[in-house]
Amino acid sequence: MARAQTARPEPYAAPALPRDNVKRLPPAPIRPVRKVEIPRTSQGFANLRRYTEPWLLPLVLLGLWYLGVERGWLSEQVLPPPAYVYQTLSDLITSGDLWINALASMQRVVLGFALGASIGVVLGAAMGLSRTVEDYLLPTFNALVQIPVLAWLPFALLVFGIGEPLKYVLIAKAATVPITLCTLQAFHQAPKGLLEVGRAYGFSRWQSVVGIVLPAAVPTLFTGLRLGFTKAWLSLVVVELVASSEGLGYLIVYGRQLFQLDLVMAAVVVVGAVGLLIDRGFDYVERRLNRGRPGTAGALS
Amino acid sequence: MSAVIAVSPGSRRYRGWVLPIAAIAIWWLASHQGWSQSGLLVSPEKVAVTAWEQITSDKFWRAICASLTRNLSGFFIGTSLGLVLGCLLGLSRHFERLVGPSFNTFKQISLFAWIPLISVWFGLGDVAKVAFLSLAALVPVVVNTCDGLRSVPPNLLEVARVYGFSRWQTIIGVMLPAALPSIFTGLYLALVYSWLATIGAEYLLVSGEGIGNTLIDGSEHFMMDLVLFAMVVIGLVGWSLNALARVCERRMQRLYGIAPR
Amino acid sequence: MLNNGLTLENISKRFASRPGSTTQLQVLDNIQLDIAPGEFISIVGASGCGKSTLLRLILGLDEEYDGRILINGKPIAGTGLERGIVFQDHRLFPWLNVEQNVAVGLKNSALSSAEKRDTVREHIELVGLQDFIDAYPHQISGGMAQRVAIARGLVNRPSVLLLDEPLGALDALTRARLQGELQNIWAKEKITMILVTHDVDEAVFLGDRVVVMQPNPGRIRRILDVDLPRPRNRSDSRFIALRDDVLSDFAELH
């Protein structure tokens, strides 16, 4: 290979620039960053509005509800007055019935979820790590996933009877599906560039799984767990509606059978509140987990 | 990432059949060797015969039609309301402040917990079922529409300002197209949820006909063959709806030039 | 002359240092600049000197500042169609093809739809993309996307075109070619252009005047006349001398 000819540069001439075409402004002295306090006038009022506005709609609805029953637009049978519902709710709390039923529900959902999550993570990881396992398992898994929990219910009812195992199996099934799929996705999404770095430094297979694939999989895995818990909670209510003798879902059915709508509504409120708490909890954990990670969206737009 | 031994795509596809075929073989063996005395262990042939009987009967097709009609009417009512509510929430800060927190609390209530209340308010007939289905379809549409409209890239909104777009032009020309993929995700979820809710409604608001009722019939009469058949049908219908939504999504994306990579 | 161009009078701009905080950072301090019609101004400075902020103020995207910005002697109010912009990220709408994206610039013009179509075609030809009229942004290269953005910026015939580091994200070869094209377009359209860049070479290559800015707080350090014939030759010793002169400003700062 012939080397490229290097042109010998002309000796560099001093800037032959007429200096008078440059407008020099008086050099600005370097000043410290100026910090200015600005008064905030209508701040208080804006804050007040921000905190009161969200309550407006619930208050109006509550008012309509109250009026509707008071004026006899709707019979108490169809819509019990808010005071009743409140009364029932506080009775449930003071009598301890609420705790017994909520505990039964929580136990089911937590155990079922734990069972489902372990199965899901193991299945997902096995399919993610081995092509062979994936080839054998995934088509069957995908086919079974198409059948919703509710359609499994009669089948499981016939096989397991109406006892506790039925609930655990169905809740676990509901949780397993999203967790397996997300775990699998997490393994598939392993950053190729980083894996190549690992190979360049002679990582063993185990080292690259523990050191590269797993850390990168955490957010997706967590999404799967969260989705799984949501599904487990949804299925819990269904299962308890259909077959149980305690639990929050049972409270709803029981109230419905006795036509005590106040009990039904109180139980629905509790179900909503627990759902909200769980959601907030996951939100909090997710934010802690994602701290220090760059945002997934719009990093380079 | 795994060290793959070269496997031809053909033999890989064939691997997927191993497990189901083995399962059916064991099932067949179990039922014929009399491993279990339970009447629940029906043979695969019995299921096939039941399936054939069902498919050739009018009753089955009426049930499927009833379920699908319900599903689609609930889906359309729910998504229409959901689109309106989602757009309002996504476009108006004022409306969002008024309604947003209430809606976010409301959506935490587990869907099926509404059924007993709905059964009191709307009875057990089709009105109640469609109301429940609309509710199931509404929530994901609202959430995704609102999210999509909120996360329109501010860069593109600035372009609209530079070219003097009116509020209306900005909404039609920038915000809605930018939010479209997210809105579509909402519709897709709504379709999935509404099918799930159809089965739930038929299961929990027992009356009339529908594929869910076929399932319950089987369960109540301890007819495992009928139960298994209905399960497969429910799975197939869900899968078809899924596939349909996916095709529509592709089309839409191609139309808008956001082709999948 | 002054009342027929763009005038920046004592522009100052502060940002809250943190969202919700009451202490503020001075981003721009007392910027004064008169720009003649048809002039090509390059604004060059290190990152954080507020040059892009200044452009946003002129564009009217940000209206919270002290001082006055006058066009033809009249203060600006918000964005206006007489000021076009090319952003660093091309900001094309991904759901529109090249032709439709350029037509975005004419959305609110009084032209008939036939005139609109002709104008759009004309500008697509100006940037040499007539063969890619039906392509979508994800189907074309970064350099081509930036050309579409330039066509969009010009299509409504603004009197001022603002260029916010338009070539900053492109590779060196594409950038050099587009600099040449930009210079030709400017010569042909005879409109005022204000280019913000951190590339001194580009600033000297394109500008009639080069405004050097310095940070903390952002202000004009000096203004340099580039009195070289166009098109400019990068290996001309006078070009090199001017470029080194500007570069020496940055050497002093660090």
# chains A, B, ... in the order shown; residues from 1 in each chain; ligands from 1

call {"tool": "select_by_dssp", "arguments": {"residues": "region 72-177 of chain C", "states": "strand (DSSP E)", "output": "NGL selection string"}}
result
:C and (74-75 or 83-86 or 160-164)

call {"tool": "closest_residue", "arguments": {"among": "A:Trp152, A:Phe282, A:Phe160, A:Phe45", "to": "chain B", "atoms": "only C-alpha atoms"}}
result
A:Trp152

call {"tool": "interface_residues", "arguments": {"of": "chain B", "to": "chain C", "cutoff": "12 Å", "atoms": "only C-alpha atoms", "output": "PDB file with N, CA and C atoms, in the first residue's frame"}}
result
ATOM      1  N   VAL B 152     -48.258  14.099  23.731  1.00  0.00           N
ATOM      2  CA  VAL B 152     -47.876  14.589  22.409  1.00  0.00           C
ATOM      3  C   VAL B 152     -46.566  15.350  22.576  1.00  0.00           C
ATOM      4  N   PRO B 153     -45.554  15.060  21.727  1.00  0.00           N
ATOM      5  CA  PRO B 153     -44.268  15.719  21.913  1.00  0.00           C
ATOM      6  C   PRO B 153     -44.411  17.237  21.845  1.00  0.00           C
ATOM      7  N   PRO B 154     -43.915  17.972  22.845  1.00  0.00           N
ATOM      8  CA  PRO B 154     -44.027  19.434  22.828  1.00  0.00           C
ATOM      9  C   PRO B 154     -43.343  20.036  21.607  1.00  0.00           C
ATOM     10  N   ASN B 155     -42.314  19.344  21.079  1.00  0.00           N
ATOM     11  CA  ASN B 155     -41.649  19.803  19.867  1.00  0.00           C
ATOM     12  C   ASN B 155     -42.612  20.043  18.723  1.00  0.00           C
ATOM     13  N   LEU B 156     -43.520  19.058  18.535  1.00  0.00           N
ATOM     14  CA  LEU B 156     -44.446  19.154  17.408  1.00  0.00           C
ATOM     15  C   LEU B 156     -45.486  20.229  17.670  1.00  0.00           C
ATOM     16  N   LEU B 157     -45.853  20.397  18.945  1.00  0.00           N
ATOM     17  CA  LEU B 157     -46.816  21.448  19.272  1.00  0.00           C
ATOM     18  C   LEU B 157     -46.217  22.828  18.977  1.00  0.00           C
ATOM     19  N   GLU B 158     -44.901  22.943  19.184  1.00  0.00           N
ATOM     20  CA  GLU B 158     -44.252  24.224  18.871  1.00  0.00           C
ATOM     21  C   GLU B 158     -44.293  24.498  17.375  1.00  0.00           C
ATOM     22  N   VAL B 159     -44.115  23.454  16.579  1.00  0.00           N
ATOM     23  CA  VAL B 159     -44.215  23.627  15.128  1.00  0.00           C
ATOM     24  C   VAL B 159     -45.585  24.189  14.777  1.00  0.00           C
ATOM     25  N   ALA B 160     -46.628  23.625  15.397  1.00  0.00           N
ATOM     26  CA  ALA B 160     -47.982  24.105  15.128  1.00  0.00           C
ATOM     27  C   ALA B 160     -48.118  25.565  15.511  1.00  0.00           C
ATOM     28  N   ARG B 161     -47.496  25.970  16.626  1.00  0.00           N
ATOM     29  CA  ARG B 161     -47.586  27.377  17.029  1.00  0.00           C
ATOM     30  C   ARG B 161     -46.891  28.267  16.022  1.00  0.00           C
ATOM     31  N   VAL B 162     -45.706  27.806  15.544  1.00  0.00           N
ATOM     32  CA  VAL B 162     -44.935  28.606  14.601  1.00  0.00           C
ATOM     33  C   VAL B 162     -45.740  28.876  13.335  1.00  0.00           C
ATOM     34  N   TYR B 163     -46.500  27.876  12.880  1.00  0.00           N
ATOM     35  CA  TYR B 163     -47.249  28.069  11.640  1.00  0.00           C
ATOM     36  C   TYR B 163     -48.653  28.563  11.904  1.00  0.00           C
ATOM     37  N   GLY B 164     -48.872  29.097  13.086  1.00  0.00           N
ATOM     38  CA  GLY B 164     -50.119  29.781  13.378  1.00  0.00           C
ATOM     39  C   GLY B 164     -51.338  28.896  13.317  1.00  0.00           C
ATOM     40  N   PHE B 165     -51.204  27.598  13.696  1.00  0.00           N
ATOM     41  CA  PHE B 165     -52.366  26.714  13.735  1.00  0.00           C
ATOM     42  C   PHE B 165     -53.341  27.228  14.775  1.00  0.00           C
ATOM     43  N   SER B 166     -54.646  27.164  14.458  1.00  0.00           N
ATOM     44  CA  SER B 166     -55.642  27.485  15.470  1.00  0.00           C
ATOM     45  C   SER B 166     -55.711  26.306  16.443  1.00  0.00           C
ATOM     46  N   GLN B 169     -57.120  23.370  14.616  1.00  0.00           N
ATOM     47  CA  GLN B 169     -56.162  22.781  13.675  1.00  0.00           C
ATOM     48  C   GLN B 169     -55.091  21.984  14.419  1.00  0.00           C
ATOM     49  N   THR B 170     -54.679  22.506  15.573  1.00  0.00           N
ATOM     50  CA  THR B 170     -53.664  21.798  16.346  1.00  0.00           C
ATOM     51  C   THR B 170     -54.194  20.451  16.816  1.00  0.00           C
ATOM     52  N   GLY B 173     -54.794  18.314  13.509  1.00  0.00           N
ATOM     53  CA  GLY B 173     -53.623  18.079  12.677  1.00  0.00           C
ATOM     54  C   GLY B 173     -52.421  17.546  13.424  1.00  0.00           C
ATOM     55  N   VAL B 174     -52.334  17.791  14.730  1.00  0.00           N
ATOM     56  CA  VAL B 174     -51.143  17.387  15.462  1.00  0.00           C
ATOM     57  C   VAL B 174     -51.471  16.429  16.610  1.00  0.00           C
ATOM     58  N   MET B 175     -52.371  16.846  17.493  1.00  0.00           N
ATOM     59  CA  MET B 175     -52.542  16.071  18.719  1.00  0.00           C
ATOM     60  C   MET B 175     -53.179  14.717  18.458  1.00  0.00           C
ATOM     61  N   LEU B 176     -54.264  14.694  17.684  1.00  0.00           N
ATOM     62  CA  LEU B 176     -54.930  13.408  17.447  1.00  0.00           C
ATOM     63  C   LEU B 176     -54.033  12.423  16.685  1.00  0.00           C
ATOM     64  N   PRO B 177     -53.390  12.856  15.571  1.00  0.00           N
ATOM     65  CA  PRO B 177     -52.504  11.896  14.908  1.00  0.00           C
ATOM     66  C   PRO B 177     -51.376  11.417  15.810  1.00  0.00           C
ATOM     67  N   ALA B 178     -50.817  12.321  16.621  1.00  0.00           N
ATOM     68  CA  ALA B 178     -49.711  11.910  17.489  1.00  0.00           C
ATOM     69  C   ALA B 178     -50.204  10.943  18.555  1.00  0.00           C
ATOM     70  N   ALA B 179     -51.464  11.103  18.974  1.00  0.00           N
ATOM     71  CA  ALA B 179     -51.998  10.251  20.037  1.00  0.00           C
ATOM     72  C   ALA B 179     -52.572   8.951  19.486  1.00  0.00           C
ATOM     73  N   LEU B 180     -52.670   8.862  18.162  1.00  0.00           N
ATOM     74  CA  LEU B 180     -53.372   7.732  17.566  1.00  0.00           C
ATOM     75  C   LEU B 180     -52.865   6.353  17.994  1.00  0.00           C
ATOM     76  N   PRO B 181     -51.561   6.128  18.010  1.00  0.00           N
ATOM     77  CA  PRO B 181     -51.105   4.788  18.441  1.00  0.00           C
ATOM     78  C   PRO B 181     -51.592   4.449  19.840  1.00  0.00           C
ATOM     79  N   MET B 252     -53.689   0.825  10.224  1.00  0.00           N
ATOM     80  CA  MET B 252     -53.727   2.203  10.696  1.00  0.00           C
ATOM     81  C   MET B 252     -52.322   2.784  10.736  1.00  0.00           C
ATOM     82  N   GLN B 253     -51.382   1.968  11.246  1.00  0.00           N
ATOM     83  CA  GLN B 253     -50.013   2.451  11.355  1.00  0.00           C
ATOM     84  C   GLN B 253     -49.422   2.708   9.982  1.00  0.00           C
ATOM     85  N   ARG B 254     -49.731   1.813   9.035  1.00  0.00           N
ATOM     86  CA  ARG B 254     -49.176   1.999   7.709  1.00  0.00           C
ATOM     87  C   ARG B 254     -49.780   3.245   7.068  1.00  0.00           C
ATOM     88  N   LEU B 255     -51.079   3.441   7.319  1.00  0.00           N
ATOM     89  CA  LEU B 255     -51.766   4.603   6.772  1.00  0.00           C
ATOM     90  C   LEU B 255     -51.097   5.881   7.251  1.00  0.00           C
ATOM     91  N   TYR B 256     -50.647   5.856   8.503  1.00  0.00           N
ATOM     92  CA  TYR B 256     -50.063   7.064   9.060  1.00  0.00           C
ATOM     93  C   TYR B 256     -48.552   7.070   8.967  1.00  0.00           C
ATOM     94  N   GLY B 257     -48.007   6.109   8.230  1.00  0.00           N
ATOM     95  CA  GLY B 257     -46.576   6.127   8.009  1.00  0.00           C
ATOM     96  C   GLY B 257     -45.760   5.835   9.245  1.00  0.00           C
ATOM     97  N   ILE B 258     -46.400   5.259  10.288  1.00  0.00           N
ATOM     98  CA  ILE B 258     -45.620   4.887  11.466  1.00  0.00           C
ATOM     99  C   ILE B 258     -45.417   3.383  11.404  1.00  0.00           C
ATOM    100  N   ALA B 259     -44.932   2.920  10.261  1.00  0.00           N
ATOM    101  CA  ALA B 259     -44.830   1.480  10.053  1.00  0.00           C
ATOM    102  C   ALA B 259     -43.946   0.855  11.117  1.00  0.00           C
ATOM    103  N   PRO B 260     -44.297  -0.345  11.562  1.00  0.00           N
ATOM    104  CA  PRO B 260     -43.429  -1.028  12.523  1.00  0.00           C
ATOM    105  C   PRO B 260     -42.095  -1.324  11.864  1.00  0.00           C
ATOM    106  N   ARG B 261     -41.046  -1.148  12.655  1.00  0.00           N
ATOM    107  CA  ARG B 261     -39.709  -1.342  12.094  1.00  0.00           C
ATOM    108  C   ARG B 261     -39.474  -2.799  11.753  1.00  0.00           C
TER     109      ARG B 261
END

call {"tool": "residues_around", "arguments": {"residues": "Leu91 (chain B)", "least_positions_apart": "5", "cutoff": "8 Å", "atoms": "only C-alpha atoms", "output": "ChimeraX atom specification"}}
result
/B:146,149-150

call {"tool": "interface_residues", "arguments": {"of": "chain A", "to": "chain B", "cutoff": "6 Å", "atoms": "only C-alpha atoms", "output": "VMD selection string"}}
result
chain A and resid 53 to 54 135 to 136 139 146 to 147 151 154 234 272 275 to 276

call {"tool": "closest_atom_pairs", "arguments": {"of": "chain C", "to": "chain A", "cutoff": "6 Å", "atoms": "only C-alpha atoms", "output": "Markdown table"}}
result
| residue | atom | partner | partner_atom | distance |
| --- | --- | --- | --- | --- |
| C:Thr22 | CA | A:Glu37 | CA | 5.7 |
| C:Thr23 | CA | A:Lys35 | CA | 5.5 |
| C:Gln24 | CA | A:Lys35 | CA | 4.9 |
| C:Leu25 | CA | A:Lys35 | CA | 5.9 |
| C:Gln26 | CA | A:Arg34 | CA | 5.8 |
| C:Arg222 | CA | A:Arg24 | CA | 5.3 |
| C:Ile223 | CA | A:Lys23 | CA | 5.5 |
| C:Leu224 | CA | A:Val22 | CA | 4.8 |
| C:Asp225 | CA | A:Asn21 | CA | 5.7 |
| C:Ala241 | CA | A:Pro15 | CA | 4.9 |

call {"tool": "write_last_selection", "arguments": {"atoms": "N, CA and C atoms", "output": "tab-separated table (two decimals), in the first residue's frame"}}
result
chain	number	residue	atom	x	y	z
C	22	THR	N	-38.07	30.40	43.64
C	22	THR	CA	-38.23	31.83	43.37
C	22	THR	C	-36.91	32.47	42.97
C	23	THR	N	-35.78	31.77	43.20
C	23	THR	CA	-34.53	32.34	42.72
C	23	THR	C	-34.42	32.11	41.23
C	24	GLN	N	-33.77	33.06	40.54
C	24	GLN	CA	-33.78	32.98	39.09
C	24	GLN	C	-32.38	33.08	38.51
C	25	LEU	N	-32.24	32.45	37.34
C	25	LEU	CA	-30.96	32.50	36.63
C	25	LEU	C	-31.08	33.49	35.49
C	26	GLN	N	-30.07	34.32	35.36
C	26	GLN	CA	-30.05	35.27	34.25
C	26	GLN	C	-29.52	34.53	33.02
C	222	ARG	N	-18.73	40.08	21.15
C	222	ARG	CA	-18.38	41.03	20.08
C	222	ARG	C	-19.06	40.62	18.79
C	223	ILE	N	-19.03	41.55	17.85
C	223	ILE	CA	-19.63	41.28	16.54
C	223	ILE	C	-18.55	41.46	15.48
C	224	LEU	N	-18.48	40.52	14.57
C	224	LEU	CA	-17.39	40.47	13.60
C	224	LEU	C	-17.96	40.58	12.20
C	225	ASP	N	-17.44	41.48	11.39
C	225	ASP	CA	-17.87	41.51	9.98
C	225	ASP	C	-17.07	40.49	9.20
C	241	ALA	N	-7.97	32.97	8.91
C	241	ALA	CA	-7.60	33.97	9.91
C	241	ALA	C	-8.82	34.38	10.73

call {"tool": "atom_distance", "arguments": {"atom1": "CA of Asp244 (chain C)", "atom2": "CA of Gln32 (chain C)"}}
result
24.8 Å

call {"tool": "select_by_dssp", "arguments": {"residues": "region 25-237 of chain C", "states": "helix (DSSP H, G or I)", "output": "PyMOL selection string"}}
result
chain C and resi 51-59+98-106+113-126+130-132+137-139+142-155+172-189+200-206+237

call {"tool": "residues_around", "arguments": {"residues": "Glu165 (chain C)", "least_positions_apart": "3", "cutoff": "8 Å", "atoms": "only C-alpha atoms", "output": "list of chain:residue names"}}
result
C:Phe87, C:Gln88, C:Gly168, C:Leu195, C:Val196, C:Thr197, C:His198

call {"tool": "write_last_selection", "arguments": {"atoms": "N, CA and C atoms", "output": "PDB file, in the first residue's frame"}}
result
ATOM      1  N   PHE C  87     -35.622  23.798  13.025  1.00  0.00           N
ATOM      2  CA  PHE C  87     -35.111  23.329  14.310  1.00  0.00           C
ATOM      3  C   PHE C  87     -33.970  22.340  14.104  1.00  0.00           C
ATOM      4  N   GLN C  88     -33.234  22.101  15.188  1.00  0.00           N
ATOM      5  CA  GLN C  88     -32.140  21.130  15.080  1.00  0.00           C
ATOM      6  C   GLN C  88     -32.680  19.720  14.822  1.00  0.00           C
ATOM      7  N   GLY C 168     -26.628  20.643  13.105  1.00  0.00           N
ATOM      8  CA  GLY C 168     -25.832  20.154  14.236  1.00  0.00           C
ATOM      9  C   GLY C 168     -25.811  18.646  14.380  1.00  0.00           C
ATOM     10  N   LEU C 195     -28.678  32.382  11.980  1.00  0.00           N
ATOM     11  CA  LEU C 195     -28.226  31.010  12.217  1.00  0.00           C
ATOM     12  C   LEU C 195     -27.579  30.930  13.596  1.00  0.00           C
ATOM     13  N   VAL C 196     -28.100  30.029  14.413  1.00  0.00           N
ATOM     14  CA  VAL C 196     -27.465  29.771  15.702  1.00  0.00           C
ATOM     15  C   VAL C 196     -26.660  28.485  15.570  1.00  0.00           C
ATOM     16  N   THR C 197     -25.415  28.514  15.973  1.00  0.00           N
ATOM     17  CA  THR C 197     -24.579  27.331  15.810  1.00  0.00           C
ATOM     18  C   THR C 197     -23.474  27.319  16.854  1.00  0.00           C
ATOM     19  N   HIS C 198     -22.888  26.142  17.083  1.00  0.00           N
ATOM     20  CA  HIS C 198     -21.684  26.121  17.912  1.00  0.00           C
ATOM     21  C   HIS C 198     -20.457  25.794  17.063  1.00  0.00           C
TER      22      HIS C 198
END

call {"tool": "decode", "arguments": {"residues": "region 157-190 of chain A", "atoms": "C-alpha atoms", "output": "PDB file, in the first residue's frame"}}
result
ATOM      1  CA  LEU A 157     -64.937 -25.936  39.803  1.00  0.00           C
ATOM      2  CA  LEU A 158     -65.534 -29.455  38.523  1.00  0.00           C
ATOM      3  CA  VAL A 159     -61.954 -30.540  39.119  1.00  0.00           C
ATOM      4  CA  PHE A 160     -61.117 -28.904  42.443  1.00  0.00           C
ATOM      5  CA  GLY A 161     -64.534 -28.483  44.008  1.00  0.00           C
ATOM      6  CA  ILE A 162     -65.595 -25.280  45.676  1.00  0.00           C
ATOM      7  CA  GLY A 163     -62.945 -25.073  48.430  1.00  0.00           C
ATOM      8  CA  GLU A 164     -59.873 -22.938  48.929  1.00  0.00           C
ATOM      9  CA  PRO A 165     -57.649 -24.734  46.358  1.00  0.00           C
ATOM     10  CA  LEU A 166     -59.993 -23.516  43.602  1.00  0.00           C
ATOM     11  CA  LYS A 167     -59.332 -19.894  44.587  1.00  0.00           C
ATOM     12  CA  TYR A 168     -55.583 -20.305  44.829  1.00  0.00           C
ATOM     13  CA  VAL A 169     -55.392 -22.079  41.487  1.00  0.00           C
ATOM     14  CA  LEU A 170     -57.440 -19.483  39.634  1.00  0.00           C
ATOM     15  CA  ILE A 171     -55.712 -16.490  41.207  1.00  0.00           C
ATOM     16  CA  ALA A 172     -52.338 -18.070  40.523  1.00  0.00           C
ATOM     17  CA  LYS A 173     -53.367 -18.715  36.907  1.00  0.00           C
ATOM     18  CA  ALA A 174     -54.412 -15.094  36.483  1.00  0.00           C
ATOM     19  CA  ALA A 175     -51.087 -13.852  37.862  1.00  0.00           C
ATOM     20  CA  THR A 176     -48.951 -16.364  35.965  1.00  0.00           C
ATOM     21  CA  VAL A 177     -49.937 -15.226  32.482  1.00  0.00           C
ATOM     22  CA  PRO A 178     -48.683 -11.618  32.462  1.00  0.00           C
ATOM     23  CA  ILE A 179     -45.685 -12.470  34.636  1.00  0.00           C
ATOM     24  CA  THR A 180     -44.526 -15.238  32.301  1.00  0.00           C
ATOM     25  CA  LEU A 181     -44.950 -13.066  29.232  1.00  0.00           C
ATOM     26  CA  CYS A 182     -43.166 -10.082  30.766  1.00  0.00           C
ATOM     27  CA  THR A 183     -40.307 -12.218  32.063  1.00  0.00           C
ATOM     28  CA  LEU A 184     -39.876 -13.738  28.635  1.00  0.00           C
ATOM     29  CA  GLN A 185     -39.963 -10.293  27.051  1.00  0.00           C
ATOM     30  CA  ALA A 186     -37.416  -9.028  29.569  1.00  0.00           C
ATOM     31  CA  PHE A 187     -35.024 -11.808  28.605  1.00  0.00           C
ATOM     32  CA  HIS A 188     -35.583 -11.222  24.903  1.00  0.00           C
ATOM     33  CA  GLN A 189     -34.913  -7.527  25.305  1.00  0.00           C
ATOM     34  CA  ALA A 190     -31.484  -8.062  26.826  1.00  0.00           C
TER      35      ALA A 190
END
